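Engineer: Pasting coords.csv below, which is CSV, C-alpha atoms.
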```csv
chain,number,residue,atom,x,y,z
A,236,MET,CA,114.0,99.6,91.6
A,237,ALA,CA,112.4,97.6,88.8
A,238,ILE,CA,110.3,94.5,89.1
A,239,GLU,CA,109.1,92.6,86.1
A,240,VAL,CA,105.4,91.8,86.1
A,241,LYS,CA,104.1,89.1,83.7
A,242,ILE,CA,100.6,90.0,82.5
A,243,PRO,CA,98.1,87.3,81.4
A,244,THR,CA,96.4,87.5,78.0
A,245,ILE,CA,93.1,88.7,79.5
A,246,LEU,CA,94.7,91.8,81.1
A,247,ARG,CA,96.9,92.8,78.2
A,248,THR,CA,94.3,95.3,77.0
A,249,TYR,CA,95.6,97.4,79.9
A,250,THR,CA,99.2,97.1,78.9
A,251,ALA,CA,98.9,97.8,75.1
A,252,GLY,CA,99.4,94.1,74.4
A,253,GLU,CA,102.6,93.8,76.4
A,254,LYS,CA,103.2,90.4,78.0
A,255,ALA,CA,105.4,91.9,80.7
A,256,VAL,CA,105.8,95.3,82.1
A,257,SER,CA,108.1,96.9,84.6
A,258,ALA,CA,106.8,98.3,87.9
A,259,GLU,CA,108.0,99.4,91.3
A,260,GLY,CA,107.0,98.9,94.9
A,261,LYS,CA,108.2,97.6,98.2
A,262,THR,CA,105.1,95.5,98.7
A,263,LEU,CA,102.7,93.9,96.4
A,264,SER,CA,100.1,96.5,97.3
A,265,ALA,CA,102.5,99.3,96.3
A,266,LEU,CA,103.4,97.5,93.1
A,267,ILE,CA,99.8,97.2,92.1
A,268,ASP,CA,99.3,100.9,92.8
A,269,ASP,CA,102.3,101.6,90.6
A,270,LEU,CA,100.8,99.4,87.9
A,271,GLU,CA,97.5,101.2,88.1
A,272,ALA,CA,99.3,104.6,87.7
A,273,ASN,CA,100.6,103.4,84.3
A,274,HIS,CA,97.9,101.0,83.2
A,275,SER,CA,94.7,102.5,84.4
A,276,GLY,CA,92.0,100.0,85.3
A,277,ILE,CA,94.2,97.0,86.0
A,278,LYS,CA,93.9,97.4,89.8
A,279,GLU,CA,90.2,96.7,89.8
A,280,ARG,CA,90.9,93.4,88.0
A,281,LEU,CA,93.3,92.3,90.7
A,282,ILE,CA,91.7,93.7,93.9
A,283,ASP,CA,88.2,93.6,95.2
A,284,ASN,CA,87.2,95.1,98.6
A,285,GLY,CA,90.8,95.7,99.5
A,286,ASP,CA,92.0,92.1,99.0
A,287,LEU,CA,93.3,90.1,96.1
A,288,ARG,CA,90.5,88.7,94.1
A,289,ARG,CA,89.8,85.0,94.9
A,290,PHE,CA,90.3,83.8,91.4
A,291,VAL,CA,93.5,85.8,90.6
A,292,ASN,CA,96.8,84.2,91.4
A,293,VAL,CA,99.9,86.3,92.0
A,294,TYR,CA,103.3,84.8,92.4
A,295,ILE,CA,106.5,86.4,93.6
A,296,ASN,CA,109.5,84.4,92.4
A,297,ASP,CA,107.3,81.4,91.9
A,298,GLU,CA,105.6,81.6,95.4
A,299,ASP,CA,101.9,82.1,95.6
A,300,VAL,CA,101.6,85.4,97.5
A,301,ARG,CA,98.7,83.9,99.5
A,302,PHE,CA,101.4,82.0,101.5
A,303,ILE,CA,103.8,84.9,101.9
A,304,GLY,CA,101.7,87.8,103.1
A,305,GLY,CA,99.2,88.5,100.3
A,306,LEU,CA,99.1,92.2,99.5
A,307,ASP,CA,101.7,92.9,102.2
A,308,ALA,CA,104.2,90.5,100.6
A,309,GLU,CA,107.6,92.3,100.3
A,310,LEU,CA,109.4,92.9,97.1
A,311,LYS,CA,112.9,93.8,96.2
A,312,ASP,CA,114.7,94.8,93.1
A,313,GLY,CA,114.9,92.1,90.5
A,314,ASP,CA,112.0,90.1,91.8
A,315,GLN,CA,109.7,88.6,89.3
A,316,VAL,CA,105.9,88.8,89.6
A,317,VAL,CA,103.5,86.7,87.6
A,318,VAL,CA,99.8,87.3,87.5
A,319,LEU,CA,97.6,84.4,86.4
A,320,PRO,CA,93.8,84.1,86.5
A,321,ALA,CA,92.7,80.9,88.1
A,322,VAL,CA,91.4,78.2,85.7
A,323,ALA,CA,88.3,77.3,87.5
A,324,GLY,CA,84.5,76.8,87.2
A,325,GLY,CA,81.7,74.8,88.5
A,326,CYS,CA,78.4,73.4,87.4
B,145,MET,CA,85.0,75.7,64.9
B,146,LEU,CA,87.1,73.4,67.1
B,147,THR,CA,89.2,70.9,65.1
B,148,ILE,CA,90.6,68.2,67.4
B,149,ASP,CA,92.2,64.9,66.7
B,150,GLN,CA,90.7,61.6,67.7
B,151,ALA,CA,93.4,60.6,70.2
B,152,THR,CA,93.1,63.9,72.1
B,153,TYR,CA,89.3,63.7,72.0
B,154,ASP,CA,89.5,60.2,73.5
B,155,ALA,CA,92.0,61.3,76.1
B,156,ILE,CA,89.6,64.0,77.3
B,157,VAL,CA,86.6,61.6,77.5
B,158,ALA,CA,88.7,59.0,79.3
B,159,HIS,CA,89.8,61.5,81.9
B,160,ALA,CA,86.2,62.7,82.4
B,161,LYS,CA,85.1,59.1,82.9
B,162,ARG,CA,88.0,58.2,85.2
B,163,ASP,CA,87.4,61.2,87.6
B,164,HIS,CA,83.6,60.8,87.6
B,165,PRO,CA,81.7,61.7,89.9
B,166,ASP,CA,84.3,64.5,90.5
B,167,GLU,CA,84.8,67.1,87.8
B,168,ALA,CA,87.9,66.5,85.6
B,169,CYS,CA,89.9,69.3,84.1
B,170,GLY,CA,92.8,70.1,81.9
B,171,ILE,CA,94.0,71.8,78.8
B,172,VAL,CA,95.3,71.1,75.3
B,173,ALA,CA,98.2,73.5,74.5
B,174,GLY,CA,99.3,74.5,71.0
B,175,PRO,CA,101.6,76.9,69.3
B,176,GLU,CA,100.6,80.5,70.0
B,177,GLY,CA,98.1,81.7,67.4
B,178,SER,CA,97.9,78.4,65.6
B,179,ASP,CA,94.5,77.2,67.0
B,180,ARG,CA,96.0,73.7,66.9
B,181,PRO,CA,95.3,71.7,70.1
B,182,GLU,CA,98.5,69.5,70.1
B,183,ARG,CA,99.6,68.8,73.6
B,184,PHE,CA,97.2,67.2,75.9
B,185,ILE,CA,97.8,68.0,79.6
B,186,GLU,CA,95.6,66.5,82.3
B,187,MET,CA,95.4,68.6,85.4
B,188,ILE,CA,94.4,67.7,88.9
B,189,ASN,CA,91.2,69.2,90.1
B,190,ALA,CA,92.4,70.8,93.3
B,191,ALA,CA,88.8,71.2,94.5
B,192,GLY,CA,88.3,67.5,94.2
B,193,SER,CA,84.6,68.2,93.8
B,194,PRO,CA,81.6,67.0,91.8
B,195,THR,CA,80.4,70.6,91.4
B,196,PHE,CA,83.6,72.6,91.1
B,197,TYR,CA,87.0,72.5,89.5
B,198,GLU,CA,90.1,74.6,89.9
B,199,PHE,CA,93.7,74.0,88.9
B,200,ASP,CA,96.1,73.9,91.9
B,201,SER,CA,97.9,77.3,92.0
B,202,THR,CA,101.4,75.8,91.9
B,203,ASP,CA,100.5,73.5,89.0
B,204,LEU,CA,99.0,76.4,87.2
B,205,LEU,CA,102.2,78.4,87.4
B,206,GLN,CA,104.2,75.5,86.3
B,207,LEU,CA,101.9,74.9,83.3
B,208,TYR,CA,102.0,78.5,82.2
B,209,LYS,CA,105.8,78.8,82.6
B,210,GLU,CA,106.1,75.6,80.5
B,211,MET,CA,103.8,77.0,77.8
B,212,ASP,CA,105.6,80.3,77.9
B,213,ALA,CA,108.9,78.6,77.3
B,214,ASN,CA,107.5,76.6,74.4
B,215,ASP,CA,105.6,79.7,72.8
B,216,GLU,CA,102.4,77.8,73.5
B,217,GLU,CA,99.0,78.9,74.7
B,218,PRO,CA,95.9,77.0,76.0
B,219,VAL,CA,94.0,76.2,72.8
B,220,VAL,CA,91.5,74.0,74.6
B,221,VAL,CA,90.4,74.4,78.3
B,222,TYR,CA,88.3,71.4,79.2
B,223,HIS,CA,86.3,70.2,82.2
B,224,SER,CA,83.5,67.8,82.9
B,225,HIS,CA,80.1,68.2,84.4
B,226,THR,CA,79.1,65.0,86.1
B,227,ALA,CA,75.4,65.6,86.9
B,228,THR,CA,74.4,68.4,84.5
B,229,GLU,CA,74.5,69.1,80.8
B,230,ALA,CA,77.6,70.0,78.9
B,231,TYR,CA,76.9,73.7,78.9
B,232,PRO,CA,78.9,76.4,80.7
B,233,SER,CA,77.4,77.3,84.1
B,234,ARG,CA,77.1,80.8,85.4
B,235,THR,CA,80.3,80.2,87.4
B,236,ASP,CA,82.1,78.8,84.3
B,237,ILE,CA,81.2,81.9,82.4
B,238,GLY,CA,82.2,84.3,85.1
B,239,LEU,CA,85.6,82.6,85.6
B,240,ALA,CA,86.5,82.1,81.9
B,241,MET,CA,89.7,84.1,81.5
B,242,GLU,CA,91.1,82.7,78.3
B,243,PRO,CA,89.5,84.7,75.4
B,244,ASN,CA,91.4,82.7,72.8
B,245,ALA,CA,90.6,79.3,74.1
B,246,HIS,CA,88.0,76.8,73.1
B,247,TYR,CA,86.1,75.8,76.3
B,248,VAL,CA,85.2,72.1,76.0
B,249,LEU,CA,82.5,70.7,78.3
B,250,VAL,CA,82.1,67.0,78.7
B,251,SER,CA,79.1,65.6,80.5
B,252,THR,CA,79.3,62.2,82.1
B,253,ARG,CA,75.8,62.4,83.6
B,254,GLU,CA,74.4,59.6,81.5
B,255,HIS,CA,76.9,56.8,81.9
B,256,GLY,CA,79.3,58.0,84.6
B,257,PRO,CA,82.5,56.0,84.5
B,258,ASP,CA,81.0,53.3,82.4
B,259,ALA,CA,81.3,52.7,78.7
B,260,GLY,CA,78.8,54.7,76.6
B,261,PRO,CA,78.6,58.0,74.9
B,262,VAL,CA,79.2,61.4,76.6
B,263,GLU,CA,78.1,64.9,75.6
B,264,PHE,CA,81.1,66.7,74.2
B,265,ARG,CA,80.6,70.3,73.3
B,266,SER,CA,82.8,73.4,72.7
B,267,TYR,CA,82.3,77.1,73.3
B,268,ARG,CA,83.9,80.4,73.0
B,269,ILE,CA,83.5,82.5,76.2
B,270,VAL,CA,84.4,86.1,75.8
B,271,ASP,CA,83.4,88.9,78.2
B,272,GLY,CA,80.6,86.7,79.5
B,273,ASN,CA,79.2,85.9,76.1
B,274,VAL,CA,78.9,82.2,75.3
B,275,THR,CA,79.0,81.0,71.7
B,276,GLU,CA,78.7,77.3,71.0
B,277,GLU,CA,80.7,76.1,68.0
B,278,GLU,CA,81.0,73.0,65.8
B,279,ILE,CA,83.5,70.3,66.5
B,280,SER,CA,85.4,68.5,63.8
B,281,ILE,CA,87.1,65.3,65.0
B,282,VAL,CA,89.9,64.3,62.6
B,283,ALA,CA,92.2,61.3,62.6
B,284,THR,CA,95.2,63.6,62.9
B,285,LEU,CA,95.6,67.3,62.7
B,286,SER,CA,96.7,68.2,59.2
```
Translate this file's structure into structure tokens.

Structural biologist:
Amino acid sequence: MAIEVKIPTILRTYTAGEKAVSAEGKTLSALIDDLEANHSGIKERLIDNGDLRRFVNVYINDEDVRFIGGLDAELKDGDQVVVLPAVAGGC
Amino acid sequence: MLTIDQATYDAIVAHAKRDHPDEACGIVAGPEGSDRPERFIEMINAAGSPTFYEFDSTDLLQLYKEMDANDEEPVVVYHSHTATEAYPSRTDIGLAMEPNAHYVLVSTREHGPDAGPVEFRSYRIVDGNVTEEEISIVATLS
């Protein structure tokens, strides 16, 4: 089971510069653990206190995972996952 | 240094004035690695706030897919401050996630939506370090 995960510029230090990597998992949570196993340090950039970081967006097949179960969102072979940091700020 | 053409500069300022007193935001995309801000893209501030901005998550995905398909990257990420100076706030610095981008800040605090000059400044924000840079406004990008 392989799922393509697109990695944003800021996190490519963990993937040796790769824009996309392959990972496995039946849920987003499992997928992130699998990413961590191969790209140590990346998990902490995605998860804080057991939940997705507020300013990191993750999409499964173009759906924001916040609307489809968050870390429990289910994955299947061939799904495409995109990670994008929010573009945000405030005075 | 940020080199930007007059029309793009004017478009950013016009957007900031139009959305005042809310913060306006957007990007200028360009070919990857070119450092050329070529394609102005106004974004909606999903926060609709005078003190915060955030791209809507669906718009954000659409934007990045489009840039990916065009081999583009965000060369400029801009937003406005409507009551404070054109300098990155602590929040701006903490959330700056595009190490290759020029972060442009426009302040409309002086004239709001009305005619009159704005503060227009540009920064690099990498790993929490802010470096202001010069801006060169040209008639057209050479």

Engineer: Sorted by chain and rising residue number, which residues of chain B lie within 8 Å of chain A, and what are their closest atom pairs and distances in Å to one decimal, counting only C-alpha atoms, as JSON lines?

Structural biologist:
```
{"residue": "B:Thr195", "atom": "CA", "partner": "A:Gly325", "partner_atom": "CA", "distance": 5.3}
{"residue": "B:Phe196", "atom": "CA", "partner": "A:Gly325", "partner_atom": "CA", "distance": 3.9}
{"residue": "B:Tyr197", "atom": "CA", "partner": "A:Ala323", "partner_atom": "CA", "distance": 5.4}
{"residue": "B:Glu198", "atom": "CA", "partner": "A:Ala323", "partner_atom": "CA", "distance": 4.0}
{"residue": "B:Phe199", "atom": "CA", "partner": "A:Val322", "partner_atom": "CA", "distance": 5.8}
{"residue": "B:Ser201", "atom": "CA", "partner": "A:Asn292", "partner_atom": "CA", "distance": 7.0}
{"residue": "B:Thr202", "atom": "CA", "partner": "A:Asp299", "partner_atom": "CA", "distance": 7.3}
{"residue": "B:Leu204", "atom": "CA", "partner": "A:Ala321", "partner_atom": "CA", "distance": 7.8}
{"residue": "B:Leu205", "atom": "CA", "partner": "A:Asp297", "partner_atom": "CA", "distance": 7.4}
{"residue": "B:His225", "atom": "CA", "partner": "A:Cys326", "partner_atom": "CA", "distance": 6.2}
{"residue": "B:Thr228", "atom": "CA", "partner": "A:Cys326", "partner_atom": "CA", "distance": 7.0}
{"residue": "B:Pro232", "atom": "CA", "partner": "A:Cys326", "partner_atom": "CA", "distance": 7.4}
{"residue": "B:Ser233", "atom": "CA", "partner": "A:Cys326", "partner_atom": "CA", "distance": 5.2}
{"residue": "B:Arg234", "atom": "CA", "partner": "A:Cys326", "partner_atom": "CA", "distance": 7.8}
{"residue": "B:Thr235", "atom": "CA", "partner": "A:Gly324", "partner_atom": "CA", "distance": 5.4}
{"residue": "B:Asp236", "atom": "CA", "partner": "A:Gly324", "partner_atom": "CA", "distance": 4.3}
{"residue": "B:Ile237", "atom": "CA", "partner": "A:Gly324", "partner_atom": "CA", "distance": 7.7}
{"residue": "B:Leu239", "atom": "CA", "partner": "A:Gly324", "partner_atom": "CA", "distance": 6.1}
{"residue": "B:Ala240", "atom": "CA", "partner": "A:Val322", "partner_atom": "CA", "distance": 7.3}
{"residue": "B:Met241", "atom": "CA", "partner": "A:Ile245", "partner_atom": "CA", "distance": 6.1}
{"residue": "B:Glu242", "atom": "CA", "partner": "A:Ile245", "partner_atom": "CA", "distance": 6.4}
{"residue": "B:Pro243", "atom": "CA", "partner": "A:Ile245", "partner_atom": "CA", "distance": 6.8}
```

Engineer: For each of B:Arg183, B:His223, B:Arg162, B:His246, take the minimum atom-to-atom distance to Glu276 of chain B, counting only C-alpha atoms, then give the residue where this is smallest.

Structural biologist: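 Among the listed residues, the smallest separation from Glu276 of chain B belongs to B:His246.
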
Engineer: Please, what distance in Å, to one decimal, runs between atom CA of Val274 of chain B and atom CA of Tyr247 of chain B?

Structural biologist: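 Spanning atom CA of Val274 of chain B to atom CA of Tyr247 of chain B is a straight-line distance of 9.7 Å.
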
Engineer: Compare B:Cys169, B:Leu249, B:Leu285, B:Ile185 by their minimum atom-to-atom distance to Met211 of chain B, counting all atoms listed in the file, and give me the closest one.

Structural biologist: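 Of the candidates, the smallest distance to Met211 of chain B is held by B:Ile185.
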
Engineer: Would you work out the distance separating atom CA of Asp286 of chain A from atom CA of Ile267 of chain A, expressed in Å to one decimal?

Structural biologist: 11.6 Å

Engineer: Enter the distance from atom CA of Ala259 of chain B to atom CA of Ala191 of chain B, in Å, rounded to one decimal.

Structural biologist: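 Those two atoms sit 25.5 Å apart.
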
Engineer: Name the closest residue to Glu277 of chain B among the candidates B:Val221, B:Lys209, B:Glu216, B:Leu146; distances are taken between atoms, counting all atoms listed in the file.

Structural biologist: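 Among the listed residues, the smallest separation from Glu277 of chain B belongs to B:Leu146.
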
Engineer: So, with only C-alpha atoms as the atoms that count, which of A:Glu279, A:Gly285, A:Ile242, A:Val316 lies closest to Gly260 of chain A?

Structural biologist: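 Using only C-alpha atoms, the shortest distance to Gly260 of chain A belongs to A:Val316.
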
Engineer: May I ask which of the residues B:Asp212, B:Asn273, B:His255, B:His159 is the closest one to Ala255 of chain A, counting only C-alpha atoms?

Structural biologist: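 Closest to Ala255 of chain A of all the choices is B:Asp212.
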
Engineer: Would you kindly return, as a PyMOL selection string, each protein, DNA or RNA residue with an atom no farther than 7 Å from any atom of Asp166 of chain B, considering only C-alpha atoms and excluding same-chain residues fewer than 3 positions away?

Structural biologist: chain B and resi 163+192-194+226

Engineer: Export C-alpha atoms of the chosen residues as a tab-separated table (two decimals), keeping the file's coordinate frame?

Structural biologist:
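Wrote it out as result_16.tsv, contents follow:
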```tsv
chain	number	residue	atom	x	y	z
B	163	ASP	CA	87.40	61.20	87.60
B	192	GLY	CA	88.30	67.50	94.20
B	193	SER	CA	84.60	68.20	93.80
B	194	PRO	CA	81.60	67.00	91.80
B	226	THR	CA	79.10	65.00	86.10
```

Engineer: I'd like to know which of A:Val300, A:Asp283, A:Glu271, A:Lys278 is closest to Glu259 of chain A, using all atoms listed in the file.

Structural biologist: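 Checking each candidate against Glu259 of chain A, we get A:Glu271 as the closest.
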
Engineer: Using all atoms listed in the file, determine which residues lie at most 8 Å from Phe264 of chain B, disregarding the query and same-chain residues fewer than 4 positions distant; provide the list as a count of residues only.

Structural biologist: 5

Engineer: Missing atoms in segment 274-297 of chain A: fill them in up to N, CA and C atoms and send the result as a short mmCIF file (atom, residue, chain, number, x, y, z; two decimals), in the frame of the given file.

Structural biologist:
```cif
data_model
loop_
_atom_site.label_atom_id
_atom_site.label_comp_id
_atom_site.auth_asym_id
_atom_site.auth_seq_id
_atom_site.Cartn_x
_atom_site.Cartn_y
_atom_site.Cartn_z
N HIS A 274 98.82 101.84 84.00
CA HIS A 274 97.90 101.00 83.20
C HIS A 274 96.53 101.05 83.90
N SER A 275 95.92 102.20 83.73
CA SER A 275 94.70 102.50 84.40
C SER A 275 93.60 101.43 84.22
N GLY A 276 93.03 100.98 85.32
CA GLY A 276 92.00 100.00 85.30
C GLY A 276 92.39 98.60 85.69
N ILE A 277 93.69 98.38 85.71
CA ILE A 277 94.20 97.00 86.00
C ILE A 277 93.98 96.63 87.45
N LYS A 278 94.04 97.65 88.34
CA LYS A 278 93.90 97.40 89.80
C LYS A 278 92.61 96.68 90.12
N GLU A 279 91.55 97.20 89.50
CA GLU A 279 90.20 96.70 89.80
C GLU A 279 90.11 95.19 89.40
N ARG A 280 90.91 94.78 88.43
CA ARG A 280 90.90 93.40 88.00
C ARG A 280 91.64 92.47 88.92
N LEU A 281 92.45 93.08 89.79
CA LEU A 281 93.30 92.30 90.70
C LEU A 281 92.75 92.31 92.13
N ILE A 282 92.14 93.44 92.48
CA ILE A 282 91.70 93.70 93.90
C ILE A 282 90.26 93.93 93.96
N ASP A 283 89.66 93.35 94.99
CA ASP A 283 88.20 93.60 95.20
C ASP A 283 88.08 93.76 96.74
N ASN A 284 87.44 94.86 97.14
CA ASN A 284 87.20 95.10 98.60
C ASN A 284 88.54 95.07 99.38
N GLY A 285 89.59 95.60 98.79
CA GLY A 285 90.80 95.70 99.50
C GLY A 285 91.66 94.43 99.64
N ASP A 286 91.20 93.38 98.95
CA ASP A 286 92.00 92.10 99.00
C ASP A 286 92.16 91.60 97.58
N LEU A 287 93.14 90.73 97.43
CA LEU A 287 93.30 90.10 96.10
C LEU A 287 92.06 89.32 95.76
N ARG A 288 91.69 89.40 94.51
CA ARG A 288 90.50 88.70 94.10
C ARG A 288 90.75 87.16 94.26
N ARG A 289 89.69 86.47 94.63
CA ARG A 289 89.80 85.00 94.90
C ARG A 289 90.32 84.23 93.73
N PHE A 290 89.94 84.63 92.53
CA PHE A 290 90.30 83.80 91.40
C PHE A 290 91.43 84.47 90.52
N VAL A 291 92.24 85.28 91.20
CA VAL A 291 93.50 85.80 90.60
C VAL A 291 94.63 85.30 91.39
N ASN A 292 95.57 84.67 90.73
CA ASN A 292 96.80 84.20 91.40
C ASN A 292 97.91 85.15 91.11
N VAL A 293 98.66 85.52 92.15
CA VAL A 293 99.90 86.30 92.00
C VAL A 293 101.02 85.59 92.61
N TYR A 294 102.12 85.52 91.89
CA TYR A 294 103.30 84.80 92.40
C TYR A 294 104.49 85.77 92.43
N ILE A 295 105.25 85.68 93.50
CA ILE A 295 106.50 86.40 93.60
C ILE A 295 107.62 85.34 93.55
N ASN A 296 108.48 85.40 92.55
CA ASN A 296 109.50 84.40 92.40
C ASN A 296 108.99 82.97 92.61
N ASP A 297 107.90 82.69 91.92
CA ASP A 297 107.30 81.40 91.90
C ASP A 297 106.50 81.00 93.19
#
```
